[in-house]
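Text of the file run-v8.txt, holding compact mmCIF, C-alpha atoms:
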# COMPACT_ATOMS: atom_id res chain seq x y z
CA MET A 28 85.48 -9.53 -62.15
CA PRO A 29 84.22 -8.15 -58.80
CA ASN A 30 81.60 -9.60 -56.46
CA ILE A 31 81.65 -13.09 -57.93
CA LYS A 32 82.70 -16.40 -56.39
CA ILE A 33 82.87 -19.81 -58.09
CA PHE A 34 82.83 -22.97 -56.01
CA SER A 35 83.25 -26.54 -57.22
CA GLY A 36 81.51 -29.62 -55.95
CA SER A 37 83.40 -32.90 -55.98
CA SER A 38 81.71 -34.43 -59.05
CA HIS A 39 83.71 -32.65 -61.79
CA GLN A 40 86.50 -30.46 -60.44
CA ASP A 41 88.40 -30.46 -63.74
CA LEU A 42 85.51 -28.74 -65.56
CA SER A 43 85.10 -26.27 -62.69
CA GLN A 44 88.78 -25.35 -62.91
CA LYS A 45 88.55 -24.83 -66.68
CA ILE A 46 85.53 -22.54 -66.20
CA ALA A 47 87.36 -20.53 -63.52
CA ASP A 48 90.48 -20.26 -65.72
CA ARG A 49 88.43 -18.92 -68.64
CA LEU A 50 86.92 -16.28 -66.34
CA GLY A 51 90.33 -15.40 -64.87
CA LEU A 52 89.21 -16.39 -61.38
CA GLU A 53 90.35 -18.71 -58.62
CA LEU A 54 87.99 -21.41 -57.38
CA GLY A 55 86.54 -20.60 -53.97
CA LYS A 56 87.72 -22.51 -50.94
CA VAL A 57 85.40 -25.32 -49.96
CA VAL A 58 85.90 -28.61 -48.14
CA THR A 59 83.54 -31.52 -48.76
CA LYS A 60 83.79 -34.67 -46.68
CA LYS A 61 81.71 -37.42 -45.14
CA PHE A 62 81.19 -38.38 -41.54
CA SER A 63 81.67 -42.01 -40.57
CA ASN A 64 77.93 -42.60 -41.00
CA GLN A 65 78.23 -41.31 -44.62
CA GLU A 66 76.47 -37.98 -43.99
CA THR A 67 77.79 -35.26 -46.29
CA CYS A 68 79.55 -32.30 -44.69
CA VAL A 69 80.40 -29.07 -46.53
CA GLU A 70 82.52 -26.21 -45.20
CA ILE A 71 82.70 -22.96 -47.21
CA GLY A 72 86.17 -21.61 -46.51
CA GLU A 73 85.70 -17.90 -47.32
CA SER A 74 83.16 -15.12 -47.00
CA VAL A 75 80.35 -14.99 -49.55
CA ARG A 76 78.43 -12.09 -47.98
CA GLY A 77 76.92 -9.94 -50.72
CA GLU A 78 78.62 -11.98 -53.44
CA ASP A 79 77.27 -13.44 -56.70
CA VAL A 80 77.94 -17.15 -56.08
CA TYR A 81 78.14 -19.90 -58.73
CA ILE A 82 78.35 -23.54 -57.67
CA VAL A 83 79.44 -26.03 -60.35
CA GLN A 84 78.25 -29.58 -59.78
CA SER A 85 77.34 -32.10 -62.49
CA GLY A 86 74.86 -34.94 -62.01
CA CYS A 87 77.33 -37.78 -62.45
CA GLY A 88 79.32 -40.34 -60.51
CA GLU A 89 77.55 -41.07 -57.24
CA ILE A 90 74.56 -39.05 -58.33
CA ASN A 91 72.66 -38.99 -55.07
CA ASP A 92 75.76 -37.92 -53.13
CA SER A 93 76.51 -35.24 -55.75
CA LEU A 94 72.96 -33.90 -55.55
CA MET A 95 72.96 -33.79 -51.77
CA GLU A 96 76.36 -32.07 -51.75
CA LEU A 97 75.03 -29.45 -54.17
CA LEU A 98 71.94 -28.80 -52.05
CA ILE A 99 74.05 -28.35 -48.91
CA MET A 100 76.49 -26.02 -50.69
CA ILE A 101 73.60 -23.88 -51.99
CA ASN A 102 72.06 -23.66 -48.54
CA ALA A 103 75.39 -22.94 -46.86
CA CYS A 104 76.02 -19.99 -49.20
CA LYS A 105 72.46 -18.71 -48.91
CA ILE A 106 72.42 -18.60 -45.11
CA ALA A 107 75.89 -17.00 -45.22
CA SER A 108 74.22 -13.97 -46.86
CA ALA A 109 75.24 -14.51 -50.49
CA ASN A 110 73.47 -11.99 -52.71
CA ARG A 111 72.57 -14.60 -55.35
CA VAL A 112 73.31 -18.31 -55.67
CA THR A 113 73.38 -19.92 -59.11
CA ALA A 114 73.65 -23.69 -59.51
CA VAL A 115 75.65 -24.60 -62.64
CA ILE A 116 74.58 -28.18 -63.40
CA PRO A 117 76.10 -29.28 -66.74
CA CYS A 118 74.30 -32.66 -66.61
CA PHE A 119 70.96 -32.37 -64.80
CA PRO A 120 70.29 -35.37 -62.52
CA TYR A 121 67.09 -37.42 -62.86
CA ALA A 122 66.30 -35.62 -66.15
CA ARG A 123 64.91 -38.80 -67.74
CA GLN A 124 62.22 -39.08 -65.05
CA ASP A 125 60.37 -36.05 -66.40
CA ARG A 126 56.81 -37.34 -66.83
CA LYS A 127 54.27 -39.74 -65.43
CA ASP A 128 54.41 -42.40 -68.15
CA LYS A 129 52.69 -45.14 -66.15
CA SER A 130 50.60 -45.59 -63.02
CA ARG A 131 52.30 -44.56 -59.78
CA ALA A 132 55.46 -43.39 -61.57
CA PRO A 133 57.24 -40.46 -59.88
CA ILE A 134 58.21 -37.26 -61.68
CA SER A 135 61.63 -37.18 -60.07
CA ALA A 136 62.96 -34.28 -62.17
CA LYS A 137 60.23 -32.09 -60.65
CA LEU A 138 61.24 -33.25 -57.17
CA VAL A 139 64.87 -32.29 -57.88
CA ALA A 140 63.69 -28.86 -59.09
CA ASN A 141 61.75 -28.36 -55.86
CA MET A 142 64.74 -29.40 -53.76
CA LEU A 143 67.06 -26.95 -55.54
CA SER A 144 64.59 -24.10 -55.07
CA ILE A 145 63.99 -24.86 -51.40
CA ALA A 146 67.74 -25.15 -50.76
CA GLY A 147 68.01 -21.52 -51.86
CA ALA A 148 69.06 -21.52 -55.53
CA ASP A 149 68.13 -18.28 -57.30
CA HIS A 150 69.07 -19.37 -60.81
CA ILE A 151 69.94 -22.58 -62.69
CA ILE A 152 72.37 -22.95 -65.58
CA THR A 153 72.34 -26.36 -67.27
CA MET A 154 73.04 -27.91 -70.66
CA ASP A 155 70.95 -29.92 -73.13
CA LEU A 156 68.13 -30.94 -70.82
CA HIS A 157 66.71 -34.33 -71.74
CA ALA A 158 63.30 -32.66 -71.98
CA SER A 159 62.79 -28.91 -72.30
CA GLN A 160 59.70 -28.99 -70.12
CA ILE A 161 61.94 -29.47 -67.09
CA GLN A 162 62.48 -25.71 -67.21
CA GLY A 163 58.81 -25.36 -66.33
CA PHE A 164 59.31 -27.36 -63.13
CA PHE A 165 61.11 -24.32 -61.65
CA ASP A 166 59.75 -21.02 -60.39
CA ILE A 167 63.23 -19.50 -60.73
CA PRO A 168 65.11 -18.61 -63.96
CA VAL A 169 66.62 -21.54 -65.87
CA ASP A 170 69.12 -21.16 -68.71
CA ASN A 171 69.22 -24.35 -70.79
CA LEU A 172 72.36 -24.04 -72.92
CA TYR A 173 72.96 -26.09 -76.05
CA ALA A 174 76.12 -27.88 -77.13
CA GLU A 175 75.07 -27.47 -80.77
CA PRO A 176 77.66 -24.77 -81.69
CA ALA A 177 80.49 -26.97 -80.39
CA VAL A 178 79.03 -30.01 -82.20
CA LEU A 179 78.82 -28.13 -85.51
CA LYS A 180 82.42 -26.96 -85.12
CA TRP A 181 83.63 -30.52 -84.42
CA ILE A 182 81.80 -31.94 -87.45
CA ARG A 183 83.23 -29.34 -89.82
CA GLU A 184 86.78 -29.77 -88.50
CA ASN A 185 86.94 -33.55 -88.12
CA ILE A 186 84.74 -35.14 -90.81
CA SER A 187 86.09 -34.38 -94.25
CA GLU A 188 82.91 -35.57 -96.02
CA TRP A 189 80.56 -33.59 -93.79
CA LYS A 190 78.93 -31.88 -96.80
CA ASP A 191 77.66 -35.29 -97.94
CA CYS A 192 76.58 -36.76 -94.60
CA THR A 193 73.24 -37.57 -93.00
CA ILE A 194 72.43 -36.48 -89.43
CA VAL A 195 70.49 -39.24 -87.69
CA SER A 196 68.40 -39.24 -84.53
CA PRO A 197 68.34 -42.61 -82.73
CA ASP A 198 64.74 -41.95 -81.66
CA ALA A 199 61.78 -39.79 -82.63
CA GLY A 200 62.23 -37.56 -79.57
CA GLY A 201 65.48 -36.15 -80.94
CA ALA A 202 64.02 -35.10 -84.30
CA LYS A 203 64.15 -31.35 -83.53
CA ARG A 204 67.77 -31.64 -82.42
CA VAL A 205 68.97 -33.36 -85.62
CA THR A 206 66.88 -31.20 -87.98
CA SER A 207 68.44 -28.09 -86.46
CA ILE A 208 71.98 -29.44 -86.98
CA ALA A 209 71.13 -30.69 -90.47
CA ASP A 210 69.72 -27.27 -91.41
CA HIS A 211 72.90 -25.52 -90.25
CA LEU A 212 75.05 -27.93 -92.25
CA ASN A 213 72.62 -27.94 -95.19
CA VAL A 214 72.53 -31.76 -95.27
CA ASP A 215 69.82 -34.44 -95.01
CA PHE A 216 68.53 -35.97 -91.80
CA ALA A 217 66.99 -39.29 -90.84
CA LEU A 218 65.57 -40.85 -87.71
CA ILE A 219 65.21 -44.28 -86.21
CA HIS A 220 61.94 -45.39 -84.66
CA LYS A 221 62.54 -47.74 -81.74
CA GLU A 222 60.25 -49.92 -79.71
CA ARG A 223 61.26 -50.87 -76.18
CA LYS A 224 60.30 -53.96 -74.21
CA LYS A 225 61.52 -52.25 -71.04
CA ALA A 226 63.91 -49.48 -69.95
CA ASN A 227 67.42 -49.70 -71.47
CA GLU A 228 66.34 -52.56 -73.78
CA VAL A 229 65.35 -51.93 -77.41
CA ASP A 230 63.13 -54.48 -79.15
CA ARG A 231 63.00 -53.28 -82.79
CA MET A 232 64.36 -50.41 -84.92
CA VAL A 233 63.07 -48.92 -88.17
CA LEU A 234 65.14 -46.41 -90.18
CA VAL A 235 63.22 -43.50 -91.72
CA GLY A 236 65.44 -41.78 -94.28
CA ASP A 237 68.36 -42.56 -96.61
CA VAL A 238 71.99 -43.11 -95.56
CA LYS A 239 73.19 -45.23 -98.50
CA ASP A 240 76.79 -44.38 -99.53
CA ARG A 241 76.94 -41.56 -96.98
CA VAL A 242 78.59 -40.84 -93.66
CA ALA A 243 75.98 -41.21 -90.91
CA ILE A 244 76.26 -39.07 -87.78
CA LEU A 245 74.11 -40.16 -84.84
CA VAL A 246 73.25 -37.24 -82.56
CA ASP A 247 71.61 -37.55 -79.14
CA ASP A 248 71.54 -35.72 -75.82
CA MET A 249 72.84 -38.65 -73.77
CA ALA A 250 73.88 -42.29 -73.84
CA ASP A 251 73.78 -44.53 -70.78
CA THR A 252 74.28 -48.25 -71.43
CA CYS A 253 74.67 -47.49 -75.18
CA GLY A 254 72.38 -50.30 -76.32
CA THR A 255 70.34 -47.89 -78.44
CA ILE A 256 73.19 -46.16 -80.27
CA CYS A 257 75.06 -49.42 -80.89
CA HIS A 258 71.96 -51.05 -82.38
CA ALA A 259 71.37 -47.87 -84.38
CA ALA A 260 74.93 -47.98 -85.73
CA ASP A 261 74.42 -51.56 -86.92
CA LYS A 262 71.14 -50.53 -88.56
CA LEU A 263 72.84 -47.64 -90.38
CA LEU A 264 75.70 -49.80 -91.59
CA SER A 265 73.28 -52.43 -92.91
CA ALA A 266 71.37 -49.63 -94.68
CA GLY A 267 74.49 -48.71 -96.66
CA ALA A 268 76.24 -46.03 -94.59
CA THR A 269 79.97 -45.83 -95.33
CA ARG A 270 80.96 -44.73 -91.82
CA VAL A 271 79.12 -44.08 -88.57
CA TYR A 272 79.87 -41.48 -85.91
CA ALA A 273 78.01 -40.78 -82.66
CA ILE A 274 77.92 -37.32 -81.05
CA LEU A 275 76.41 -37.05 -77.57
CA THR A 276 76.17 -34.20 -75.08
CA HIS A 277 76.20 -36.38 -71.95
CA GLY A 278 78.24 -39.58 -72.08
CA ILE A 279 77.05 -41.46 -69.00
CA PHE A 280 78.49 -44.82 -70.17
CA SER A 281 77.34 -47.06 -67.32
CA GLY A 282 77.21 -50.86 -67.13
CA PRO A 283 78.25 -52.58 -70.38
CA ALA A 284 78.55 -49.30 -72.34
CA ILE A 285 82.33 -49.36 -72.91
CA VAL A 286 82.30 -53.01 -74.00
CA ARG A 287 79.47 -52.28 -76.42
CA ILE A 288 81.22 -49.23 -77.92
CA ASN A 289 84.46 -51.17 -78.37
CA GLY A 290 82.56 -53.89 -80.21
CA ALA A 291 80.47 -51.50 -82.33
CA CYS A 292 81.21 -50.12 -85.78
CA PHE A 293 81.76 -46.48 -84.75
CA GLU A 294 84.59 -44.45 -86.22
CA ALA A 295 84.35 -42.26 -83.10
CA VAL A 296 81.99 -41.61 -80.20
CA VAL A 297 82.19 -37.90 -79.42
CA VAL A 298 80.94 -36.51 -76.10
CA THR A 299 81.21 -33.21 -74.28
CA ASN A 300 82.90 -32.93 -70.89
CA THR A 301 79.71 -32.30 -68.90
CA ILE A 302 80.69 -35.64 -67.32
CA PRO A 303 84.33 -36.69 -66.64
CA GLN A 304 85.56 -39.09 -69.33
CA GLU A 305 89.24 -39.62 -68.45
CA ASP A 306 88.81 -43.11 -66.98
CA LYS A 307 86.52 -44.26 -69.79
CA MET A 308 88.92 -43.01 -72.47
CA LYS A 309 91.62 -45.27 -71.02
CA HIS A 310 89.43 -48.28 -71.86
CA CYS A 311 87.99 -47.07 -75.15
CA SER A 312 90.06 -45.38 -77.87
CA LYS A 313 86.91 -44.44 -79.84
CA ILE A 314 85.78 -41.87 -77.24
CA GLN A 315 86.67 -38.25 -78.04
CA VAL A 316 85.79 -35.21 -75.94
CA ILE A 317 84.58 -31.71 -76.84
CA ASP A 318 85.34 -29.06 -74.19
CA ILE A 319 82.25 -26.97 -73.36
CA SER A 320 83.82 -24.98 -70.51
CA MET A 321 83.84 -21.87 -72.70
CA ILE A 322 80.06 -22.03 -73.18
CA LEU A 323 79.45 -22.36 -69.43
CA ALA A 324 82.02 -19.68 -68.58
CA GLU A 325 80.45 -17.18 -70.97
CA ALA A 326 77.00 -18.02 -69.59
CA ILE A 327 78.28 -17.21 -66.08
CA ARG A 328 79.88 -14.00 -67.33
CA GLY A 329 76.69 -12.98 -69.12
CA THR A 330 74.50 -13.76 -66.10
CA HIS A 331 76.77 -11.79 -63.79
CA ASN A 332 76.75 -8.80 -66.15
CA GLY A 333 72.98 -8.93 -66.60
CA GLU A 334 73.16 -9.91 -70.27
CA SER A 335 70.80 -12.23 -72.13
CA VAL A 336 72.41 -15.64 -71.84
CA SER A 337 69.85 -17.25 -74.15
CA TYR A 338 70.59 -14.74 -76.91
CA LEU A 339 74.37 -14.88 -76.61
CA PHE A 340 75.24 -18.49 -75.87
CA SER A 341 72.47 -20.93 -76.66
CA HIS A 342 70.56 -22.00 -79.73
CA VAL A 343 67.04 -23.28 -79.37
CA PRO A 344 66.19 -25.87 -82.05
CA LEU A 345 63.20 -24.71 -84.08
Now that the file is in, can you turn its structure into structure tokens?
Amino acid sequence: MPNIKIFSGSSHQDLSQKIADRLGLELGKVVTKKFSNQETCVEIGESVRGEDVYIVQSGCGEINDSLMELLIMINACKIASANRVTAVIPCFPYARQDRKDKSRAPISAKLVANMLSIAGADHIITMDLHASQIQGFFDIPVDNLYAEPAVLKWIRENISEWKDCTIVSPDAGGAKRVTSIADHLNVDFALIHKERKKANEVDRMVLVGDVKDRVAILVDDMADTCGTICHAADKLLSAGATRVYAILTHGIFSGPAIVRINGACFEAVVVTNTIPQEDKMKHCSKIQVIDISMILAEAIRGTHNGESVSYLFSHVPL
């Protein structure tokens, strides 16, 4: 594949390597380090003049450091005369701060979009944005890929009673996501209405739909401290569900998340590898991982060849 270079940031090198392997390419040479005062330093170790450059960096780990590293890498390639620079961001940072929901609240996702554009990004490839309107924060093309095809494949291959299951959204905001999956599987869906006292703390949950004597599959775009999905699992079990699974695109799993999952009634908590999960899997046997490197690799291939990425590799819930 001529005139293409793939570089990896430090946040998720395993995923970057899998993407490069699927494309039959070697990762570009880059050195990332910090000065003694904790400033980030990036050195691109090969020529990118006239090349189609893709930089893979997920919004995870030390998120602010990862974001700054990505911005510097984009700018370094741009001023080194790269023809086009595409930021491949499997998990978009600050995606939950996407609207002004109270007085003086920042719209940080818009700020991140501005920073990426000013750094020199020509194109963004990401996956399962927390809110689709984030695409409108950019004045450059954004391809928002969906993990739905991989999720459907996992359900059919790993849940024997999938034809008699109910797909459940843990909040009203995910209704379109679960109805799309339920339609493809030709099964019922339900949702849980939640009321929050404050961020990351759920006050009350109300189930809308029927899960009695069925397998319940919770589907969401991300889980952080896992308070919501664990409370939702208890609600589903008390409503008569025989087994409960959770399928998430971005498994952030911060704070007490692992302890909560271990103590919850899940058969399995399935996440994609947009965020590294190796360390968390050592402490929680319920976590299983779906590899989405193929989806990202094909999106890169399609972009490089001038094909319609949205048509080939993503499914927009209707």
For atom CA of A:Gly200 and atom CA of A:Gln124, determine how far apart the two atoms are, in Å to one decimal place. 14.6 Å
Neighbours of stretch 212-223 of chain A within 6 Å (only C-alpha atoms; same-chain residues fewer than 6 positions away dropped), as a PyMOL selection string? chain A and resi 193-199+229-236
For A:Thr252, which residue among A:Gln315, A:Ala266, A:Val69, A:Ala284 is the nearest when counting only C-alpha atoms? A:Ala284
Select all residues near (80.1, -32.7, -96.4) (cut-off 12 Å, inclusive, file coordinates), counting only C-alpha atoms, and output them as a ChimeraX atom specification. /A:179,182-194,209,211-215,241-244
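If you measure from each of A:Leu263, A:Ile99, A:Leu156, A:Val246 to A:Thr301 using only C-alpha atoms, the closest one turns out to be A:Leu156.
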Expected answer as a compact mmCIF listing (two decimals) with C-alpha atoms, in the frame of the given file: all residues with atoms within 10 Å of (80.0, -48.0, -81.3), only C-alpha atoms:
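Everything below was put into out.txt:
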# COMPACT_ATOMS: atom_id res chain seq x y z
CA CYS A 253 74.67 -47.49 -75.18
CA GLY A 254 72.38 -50.30 -76.32
CA ILE A 256 73.19 -46.16 -80.27
CA CYS A 257 75.06 -49.42 -80.89
CA HIS A 258 71.96 -51.05 -82.38
CA ALA A 259 71.37 -47.87 -84.38
CA ALA A 260 74.93 -47.98 -85.73
CA ASP A 261 74.42 -51.56 -86.92
CA VAL A 271 79.12 -44.08 -88.57
CA TYR A 272 79.87 -41.48 -85.91
CA ALA A 273 78.01 -40.78 -82.66
CA ALA A 284 78.55 -49.30 -72.34
CA ILE A 285 82.33 -49.36 -72.91
CA VAL A 286 82.30 -53.01 -74.00
CA ARG A 287 79.47 -52.28 -76.42
CA ILE A 288 81.22 -49.23 -77.92
CA ASN A 289 84.46 -51.17 -78.37
CA GLY A 290 82.56 -53.89 -80.21
CA ALA A 291 80.47 -51.50 -82.33
CA CYS A 292 81.21 -50.12 -85.78
CA PHE A 293 81.76 -46.48 -84.75
CA GLU A 294 84.59 -44.45 -86.22
CA ALA A 295 84.35 -42.26 -83.10
CA VAL A 296 81.99 -41.61 -80.20
CA LYS A 313 86.91 -44.44 -79.84
CA ILE A 314 85.78 -41.87 -77.24
If we count only C-alpha atoms, what is near A:Pro168 at a cut-off of 10 Å, once residues fewer than 4 positions away on the same chain are taken out, given as a ChimeraX atom specification? /A:113,148-152,162-163
So how many Å separate atom CA of A:Cys104 and atom CA of A:Val75, to one decimal? 6.6 Å
Quick one, how far is atom CA of A:Asn300 from atom CA of A:Arg111?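 Atom-to-atom, atom CA of A:Asn300 and atom CA of A:Arg111 are spaced 26.2 Å apart.
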So, with all atoms listed in the file as the atoms that count, which of A:Ala326, A:Ile208, A:Ala250, A:Ala146 lies closest to A:Phe280? A:Ala250
Contact residues around A:Leu50 with only C-alpha atoms at 10 Å, ignoring same-chain residues under 5 positions, as number ranges by chain: A: 28, 33, 44-45, 321, 324-325, 327-328
Write out, as an mmCIF file, keeping the file's coordinate frame, the residues just selected, with C-alpha atoms.
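again.cif, freshly written:
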data_model
loop_
_atom_site.group_PDB
_atom_site.id
_atom_site.type_symbol
_atom_site.label_atom_id
_atom_site.label_comp_id
_atom_site.auth_asym_id
_atom_site.auth_seq_id
_atom_site.Cartn_x
_atom_site.Cartn_y
_atom_site.Cartn_z
ATOM 1 C CA MET A 28 85.480 -9.530 -62.150
ATOM 2 C CA ILE A 33 82.870 -19.810 -58.090
ATOM 3 C CA GLN A 44 88.780 -25.350 -62.910
ATOM 4 C CA LYS A 45 88.550 -24.830 -66.680
ATOM 5 C CA MET A 321 83.840 -21.870 -72.700
ATOM 6 C CA ALA A 324 82.020 -19.680 -68.580
ATOM 7 C CA GLU A 325 80.450 -17.180 -70.970
ATOM 8 C CA ILE A 327 78.280 -17.210 -66.080
ATOM 9 C CA ARG A 328 79.880 -14.000 -67.330
#
Residues within 8 Å of A:Pro120, only C-alpha atoms, excluding chain neighbours under 3 positions, as a list in words: Ser85, Gly86, Cys87, Ile90, Leu94, Ala136 and Val139 of chain A
Fewer than 6 positions away in the same chain doesn't count, so skip those; otherwise give me all residues within 9 Å of A:Leu143, counting all atoms listed in the file, as an NGL selection string. :A and (97-98 or 101 or 114 or 149 or 151 or 165)
Hey, could you pull the box centre and edge lengths for stretch 179-189 of chain A, axis-aligned, 4 Å padding per side, all listed atoms, to one decimal in Å, as AutoDock Vina command-line options?
--center_x 82.9 --center_y -31.3 --center_z -90.2 --size_x 16.1 --size_y 16.6 --size_z 19.6
Closest of A:Asp251, A:Leu42, A:Lys307, A:Lys137 to A:Gly282, counting only C-alpha atoms, is A:Asp251
Of the listed residues A:Gln304, A:Ser335, A:Gln84, A:Ser320, that which approaches A:Arg49 most closely, counting all atoms listed in the file: A:Ser320
